[in-house]
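> File my_file_7.pdb below, PDB, C-alpha atoms, pLDDT in the B column:
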ATOM      1  CA  MET X   1       0.000   0.000   0.000  1.00 52.00           C
ATOM      2  CA  THR X   2       1.568   3.264  -0.986  1.00 46.00           C
ATOM      3  CA  PRO X   3       0.568   6.883  -1.060  1.00 49.00           C
ATOM      4  CA  ASN X   4       1.881   8.254  -4.359  1.00 42.00           C
ATOM      5  CA  PRO X   5       3.382   4.933  -5.552  1.00 37.00           C
ATOM      6  CA  SER X   6       7.004   4.821  -6.557  1.00 34.00           C
ATOM      7  CA  ILE X   7       9.603   2.162  -7.278  1.00 31.00           C
ATOM      8  CA  ILE X   8      12.001   1.287  -4.495  1.00 34.00           C
ATOM      9  CA  SER X   9      15.272  -0.370  -5.459  1.00 31.00           C
ATOM     10  CA  ILE X  10      16.971  -2.604  -2.921  1.00 34.00           C
ATOM     11  CA  ASN X  11      20.698  -3.133  -3.306  1.00 34.00           C
ATOM     12  CA  ASP X  12      21.608  -6.726  -2.434  1.00 35.00           C
ATOM     13  CA  ASP X  13      25.349  -6.402  -2.951  1.00 40.00           C
ATOM     14  CA  ASN X  14      27.021  -9.526  -1.577  1.00 39.00           C
ATOM     15  CA  SER X  15      30.499  -8.259  -2.377  1.00 38.00           C
ATOM     16  CA  GLN X  16      30.723  -6.747   1.098  1.00 44.00           C
ATOM     17  CA  GLN X  17      31.190  -9.736   3.361  1.00 46.00           C
ATOM     18  CA  ASN X  18      30.695  -8.956   7.019  1.00 47.00           C
ATOM     19  CA  ASP X  19      28.822 -10.657   9.821  1.00 54.00           C
ATOM     20  CA  GLU X  20      26.458  -7.814  10.686  1.00 53.00           C
ATOM     21  CA  PRO X  21      23.251  -7.089   8.786  1.00 52.00           C
ATOM     22  CA  ASN X  22      23.390  -3.916   6.721  1.00 53.00           C
ATOM     23  CA  PHE X  23      20.157  -2.288   7.864  1.00 55.00           C
ATOM     24  CA  HIS X  24      20.252   1.392   7.044  1.00 63.00           C
ATOM     25  CA  ARG X  25      17.511   2.114   9.562  1.00 66.00           C
ATOM     26  CA  PHE X  26      15.334  -0.440  11.251  1.00 71.00           C
ATOM     27  CA  SER X  27      13.020   0.218  14.149  1.00 72.00           C
ATOM     28  CA  MET X  28      11.042  -2.019  16.408  1.00 75.00           C
ATOM     29  CA  ALA X  29       9.720  -0.630  19.648  1.00 77.00           C
ATOM     30  CA  ALA X  30       7.581  -1.734  22.544  1.00 81.00           C
ATOM     31  CA  GLY X  31       4.999   0.783  23.613  1.00 85.00           C
ATOM     32  CA  ASN X  32       2.080   2.708  22.207  1.00 89.00           C
ATOM     33  CA  PHE X  33       2.501   2.776  18.418  1.00 92.00           C
ATOM     34  CA  VAL X  34       0.538   6.013  17.972  1.00 94.00           C
ATOM     35  CA  GLU X  35       2.552   7.806  20.653  1.00 93.00           C
ATOM     36  CA  LEU X  36       5.900   6.524  19.343  1.00 92.00           C
ATOM     37  CA  TYR X  37       5.401   7.072  15.597  1.00 93.00           C
ATOM     38  CA  GLY X  38       2.545   9.564  15.295  1.00 95.00           C
ATOM     39  CA  GLY X  39       4.384  12.754  16.194  1.00 95.00           C
ATOM     40  CA  GLU X  40       6.319  15.318  14.204  1.00 96.00           C
ATOM     41  CA  SER X  41       9.671  13.666  14.927  1.00 95.00           C
ATOM     42  CA  GLN X  42       8.580  10.608  12.921  1.00 94.00           C
ATOM     43  CA  ALA X  43       6.756  12.441  10.112  1.00 96.00           C
ATOM     44  CA  ASN X  44       7.968  11.414   6.631  1.00 96.00           C
ATOM     45  CA  GLN X  45      10.855   9.394   8.087  1.00 93.00           C
ATOM     46  CA  TRP X  46      10.310   5.862   6.775  1.00 92.00           C
ATOM     47  CA  ASP X  47      10.623   4.406   3.264  1.00 91.00           C
ATOM     48  CA  ALA X  48       8.644   1.333   4.275  1.00 92.00           C
ATOM     49  CA  ILE X  49       6.596   0.114   7.204  1.00 92.00           C
ATOM     50  CA  VAL X  50       5.790  -3.558   7.720  1.00 90.00           C
ATOM     51  CA  THR X  51       2.944  -4.458  10.043  1.00 91.00           C
ATOM     52  CA  CYS X  52       2.584  -8.123  10.928  1.00 89.00           C
ATOM     53  CA  PHE X  53      -0.459  -9.367  12.871  1.00 89.00           C
ATOM     54  CA  PHE X  54      -0.824  -5.784  14.023  1.00 91.00           C
ATOM     55  CA  LEU X  55      -3.808  -3.832  12.721  1.00 91.00           C
ATOM     56  CA  ASP X  56      -6.260  -5.805  14.826  1.00 88.00           C
ATOM     57  CA  THR X  57      -4.423  -4.767  18.006  1.00 88.00           C
ATOM     58  CA  ALA X  58      -5.648  -1.183  17.593  1.00 88.00           C
ATOM     59  CA  PRO X  59      -8.582  -0.025  19.669  1.00 84.00           C
ATOM     60  CA  VAL X  60      -9.383   2.333  16.776  1.00 87.00           C
ATOM     61  CA  VAL X  61      -7.693   1.053  13.631  1.00 91.00           C
ATOM     62  CA  MET X  62      -7.924   4.451  11.916  1.00 93.00           C
ATOM     63  CA  ASP X  63      -5.449   5.803  14.479  1.00 94.00           C
ATOM     64  CA  TYR X  64      -2.886   3.219  13.331  1.00 95.00           C
ATOM     65  CA  ILE X  65      -3.520   3.962   9.650  1.00 96.00           C
ATOM     66  CA  GLN X  66      -3.096   7.693  10.263  1.00 96.00           C
ATOM     67  CA  THR X  67       0.124   7.020  12.184  1.00 97.00           C
ATOM     68  CA  ILE X  68       1.477   4.871   9.341  1.00 96.00           C
ATOM     69  CA  GLN X  69       0.582   7.591   6.857  1.00 95.00           C
ATOM     70  CA  ASN X  70       2.360  10.170   9.049  1.00 95.00           C
ATOM     71  CA  ALA X  71       5.555   8.128   9.343  1.00 95.00           C
ATOM     72  CA  LEU X  72       5.878   7.116   5.678  1.00 95.00           C
ATOM     73  CA  LYS X  73       7.819   9.235   3.246  1.00 94.00           C
ATOM     74  CA  PRO X  74       5.897  10.218   0.090  1.00 93.00           C
ATOM     75  CA  GLY X  75       6.021   7.188  -2.177  1.00 92.00           C
ATOM     76  CA  GLY X  76       6.784   4.905   0.755  1.00 93.00           C
ATOM     77  CA  TYR X  77       5.422   1.397   1.120  1.00 93.00           C
ATOM     78  CA  TRP X  78       3.219  -0.138   3.763  1.00 94.00           C
ATOM     79  CA  ILE X  79       3.214  -3.926   3.813  1.00 93.00           C
ATOM     80  CA  ASN X  80       0.612  -5.530   6.046  1.00 93.00           C
ATOM     81  CA  ILE X  81       0.400  -9.216   6.915  1.00 91.00           C
ATOM     82  CA  GLY X  82      -2.125 -10.843   9.173  1.00 88.00           C
ATOM     83  CA  PRO X  83      -5.784 -11.368   9.935  1.00 87.00           C
ATOM     84  CA  LEU X  84      -8.354  -9.126  11.566  1.00 87.00           C
ATOM     85  CA  LEU X  85      -9.022 -10.905  14.846  1.00 86.00           C
ATOM     86  CA  TYR X  86      -9.457  -7.721  16.920  1.00 82.00           C
ATOM     87  CA  HIS X  87      -8.251  -7.813  20.509  1.00 74.00           C
ATOM     88  CA  TRP X  88     -10.704  -5.255  21.823  1.00 70.00           C
ATOM     89  CA  ALA X  89     -13.845  -7.229  20.927  1.00 61.00           C
ATOM     90  CA  SER X  90     -15.186  -7.954  24.383  1.00 61.00           C
ATOM     91  CA  SER X  91     -15.819  -5.907  27.464  1.00 64.00           C
ATOM     92  CA  ASP X  92     -12.852  -4.796  29.526  1.00 64.00           C
ATOM     93  CA  PRO X  93     -11.493  -7.887  31.339  1.00 65.00           C
ATOM     94  CA  GLY X  94      -9.656  -5.721  33.862  1.00 67.00           C
ATOM     95  CA  VAL X  95     -12.874  -4.368  35.368  1.00 66.00           C
ATOM     96  CA  ALA X  96     -13.966  -7.884  36.360  1.00 67.00           C
ATOM     97  CA  SER X  97     -10.608  -8.260  38.103  1.00 72.00           C
ATOM     98  CA  GLY X  98     -10.978  -5.009  40.019  1.00 72.00           C
ATOM     99  CA  LEU X  99      -8.625  -2.984  37.803  1.00 72.00           C
ATOM    100  CA  PRO X 100      -9.482   0.542  36.599  1.00 73.00           C
ATOM    101  CA  ALA X 101     -11.541   0.718  33.403  1.00 72.00           C
ATOM    102  CA  ASP X 102      -9.584   0.968  30.141  1.00 74.00           C
ATOM    103  CA  ASP X 103     -11.315   3.609  27.992  1.00 76.00           C
ATOM    104  CA  ARG X 104      -9.953   2.021  24.813  1.00 76.00           C
ATOM    105  CA  TYR X 105     -12.599  -0.724  25.064  1.00 72.00           C
ATOM    106  CA  ALA X 106     -15.350   1.890  24.768  1.00 74.00           C
ATOM    107  CA  GLN X 107     -13.637   3.445  21.712  1.00 78.00           C
ATOM    108  CA  SER X 108     -13.069   0.165  19.890  1.00 81.00           C
ATOM    109  CA  ILE X 109     -14.518  -0.414  16.443  1.00 83.00           C
ATOM    110  CA  GLU X 110     -14.039  -3.583  14.448  1.00 87.00           C
ATOM    111  CA  LEU X 111     -14.150  -3.219  10.694  1.00 90.00           C
ATOM    112  CA  SER X 112     -14.479  -6.022   8.177  1.00 91.00           C
ATOM    113  CA  TRP X 113     -11.751  -6.204   5.514  1.00 91.00           C
ATOM    114  CA  GLU X 114     -14.086  -4.549   3.010  1.00 93.00           C
ATOM    115  CA  GLU X 115     -14.735  -1.640   5.392  1.00 94.00           C
ATOM    116  CA  LEU X 116     -11.072  -1.373   6.322  1.00 93.00           C
ATOM    117  CA  GLU X 117     -10.028  -1.400   2.669  1.00 93.00           C
ATOM    118  CA  HIS X 118     -12.350   1.564   2.038  1.00 95.00           C
ATOM    119  CA  VAL X 119     -10.833   3.446   4.997  1.00 95.00           C
ATOM    120  CA  ILE X 120      -7.271   2.725   3.806  1.00 94.00           C
ATOM    121  CA  LEU X 121      -8.123   4.076   0.357  1.00 94.00           C
ATOM    122  CA  GLN X 122      -9.688   7.193   1.930  1.00 95.00           C
ATOM    123  CA  PHE X 123      -6.336   7.888   3.640  1.00 94.00           C
ATOM    124  CA  GLY X 124      -4.777   8.137   0.162  1.00 93.00           C
ATOM    125  CA  PHE X 125      -3.153   4.717  -0.055  1.00 94.00           C
ATOM    126  CA  SER X 126      -3.399   2.539  -3.136  1.00 92.00           C
ATOM    127  CA  ILE X 127      -3.471  -1.217  -2.767  1.00 92.00           C
ATOM    128  CA  GLU X 128      -1.065  -2.833  -5.176  1.00 90.00           C
ATOM    129  CA  GLU X 129      -1.518  -6.474  -4.212  1.00 88.00           C
ATOM    130  CA  GLN X 130      -3.823  -8.545  -2.003  1.00 88.00           C
ATOM    131  CA  ARG X 131      -3.591 -12.196  -1.080  1.00 84.00           C
ATOM    132  CA  PHE X 132      -6.034 -14.149   1.049  1.00 82.00           C
TER     133      PHE X 132
END
Hey, can you dump this file as structure tokens for me?

Amino acid sequence: MTPNPSIISINDDNSQQNDEPNFHRFSMAAGNFVELYGGESQANQWDAIVTCFFLDTAPVVMDYIQTIQNALKPGGYWINIGPLLYHWASSDPGVASGLPADDRYAQSIELSWEELEHVILQFGFSIEEQRF
């Protein structure tokens, strides 16, 4: 999925033999995705974003899509893998255990793929390939 599609060339030059991977920039972080990648410091910073078994972890999936759009450079790629099994489907399990209520359960919406596809397109992405 790319806003303003472009071709990305990956150089796989094996002439440089060393034991460490040659990742120009790679990021994986634990924490709130929207807080970590949704701000100005991450705007237009990433050529590609890969989300794996991820979208259905969002209380409000549009927040994740907007964050991905914010972080991608123009012409960047978003690759998504995984089902929509939504983790916010039931009532807040913490309340039954005496924990404070988690407001994200009240905000949760669960879109079908067809609905989510429409939302993704409305954010300006184009879908280049789908596999089920």
> I'd like the neighbourhood of Ile65 (chain X) as a PyMOL selection string, where a residue qualifies if any of its atoms comes within 9 Å (using all atoms listed in the file), though same-chain residues fewer than 6 positions away should be ignored.
chain X and resi 55+119-120+123
> Quick one: distance from CA of Val60 (chain X) to CA of Pro100 (chain X) in Å, one decimal?
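Pair CA of Val60 (chain X) / CA of Pro100 (chain X) returns 19.9 Å.
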> Quick one, how far is CA of Ala48 (chain X) from CA of Tyr77 (chain X)?
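Atom-to-atom, CA of Ala48 (chain X) to CA of Tyr77 (chain X), that is 4.5 Å.
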> Name the residues that the PyMOL selection byres ((chain X and resi 132) around 12) picks from the file above, as a ChimeraX atom specification, using the file's chain letters and numbers.
/X:80-84,113,129-131
> Rounded to one decimal in Å, what is the spacing between CA of Leu99 (chain X) and CA of Tyr86 (chain X)?
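Computed distance, CA of Leu99 (chain X) to CA of Tyr86 (chain X), equals 21.4 Å.
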> Run the PyMOL selection byres ((chain X and resi 43) around 8) against the file shown and list the residues it catches, as a list in words.
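Against this file, the PyMOL selection byres ((chain X and resi 43) around 8) returns the residues Tyr37, Gly38, Gly39, Glu40, Ser41, Gln42, Asn44, Gln45, Asn70, Ala71, Leu72 and Lys73 of chain X.
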> Ranking X:His87, X:Glu110, X:Thr67, X:Met62 by minimum distance to Gln122 (chain X) and counting only C-alpha atoms, which one comes first?
X:Met62
> Box in all listed atoms of region 46-52 of chain X, axis-aligned, with 5 Å more on each side; write out centre and edge lengths in Å to one decimal as lines of an AutoDock Vina configuration file.

center_x = 6.6
center_y = -1.1
center_z = 7.1
size_x = 18.0
size_y = 24.0
size_z = 17.7
> With a distance cut-off of 9 Å and all atoms listed in the file, select the neighbouring residues of region 24-35 of chain X, excluding the residue or stretch itself and same-chain residues fewer than 5 positions from it, and output the selection as a PDB file with C-alpha atoms, in the coordinates of the input.

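Output (around.pdb):
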ATOM      1  CA  TRP X  46      10.310   5.862   6.775  1.00 92.00           C
ATOM      2  CA  ASP X  63      -5.449   5.803  14.479  1.00 94.00           C
ATOM      3  CA  TYR X  64      -2.886   3.219  13.331  1.00 95.00           C
ATOM      4  CA  GLN X  66      -3.096   7.693  10.263  1.00 96.00           C
ATOM      5  CA  THR X  67       0.124   7.020  12.184  1.00 97.00           C
ATOM      6  CA  ILE X  68       1.477   4.871   9.341  1.00 96.00           C
TER       7      ILE X  68
END
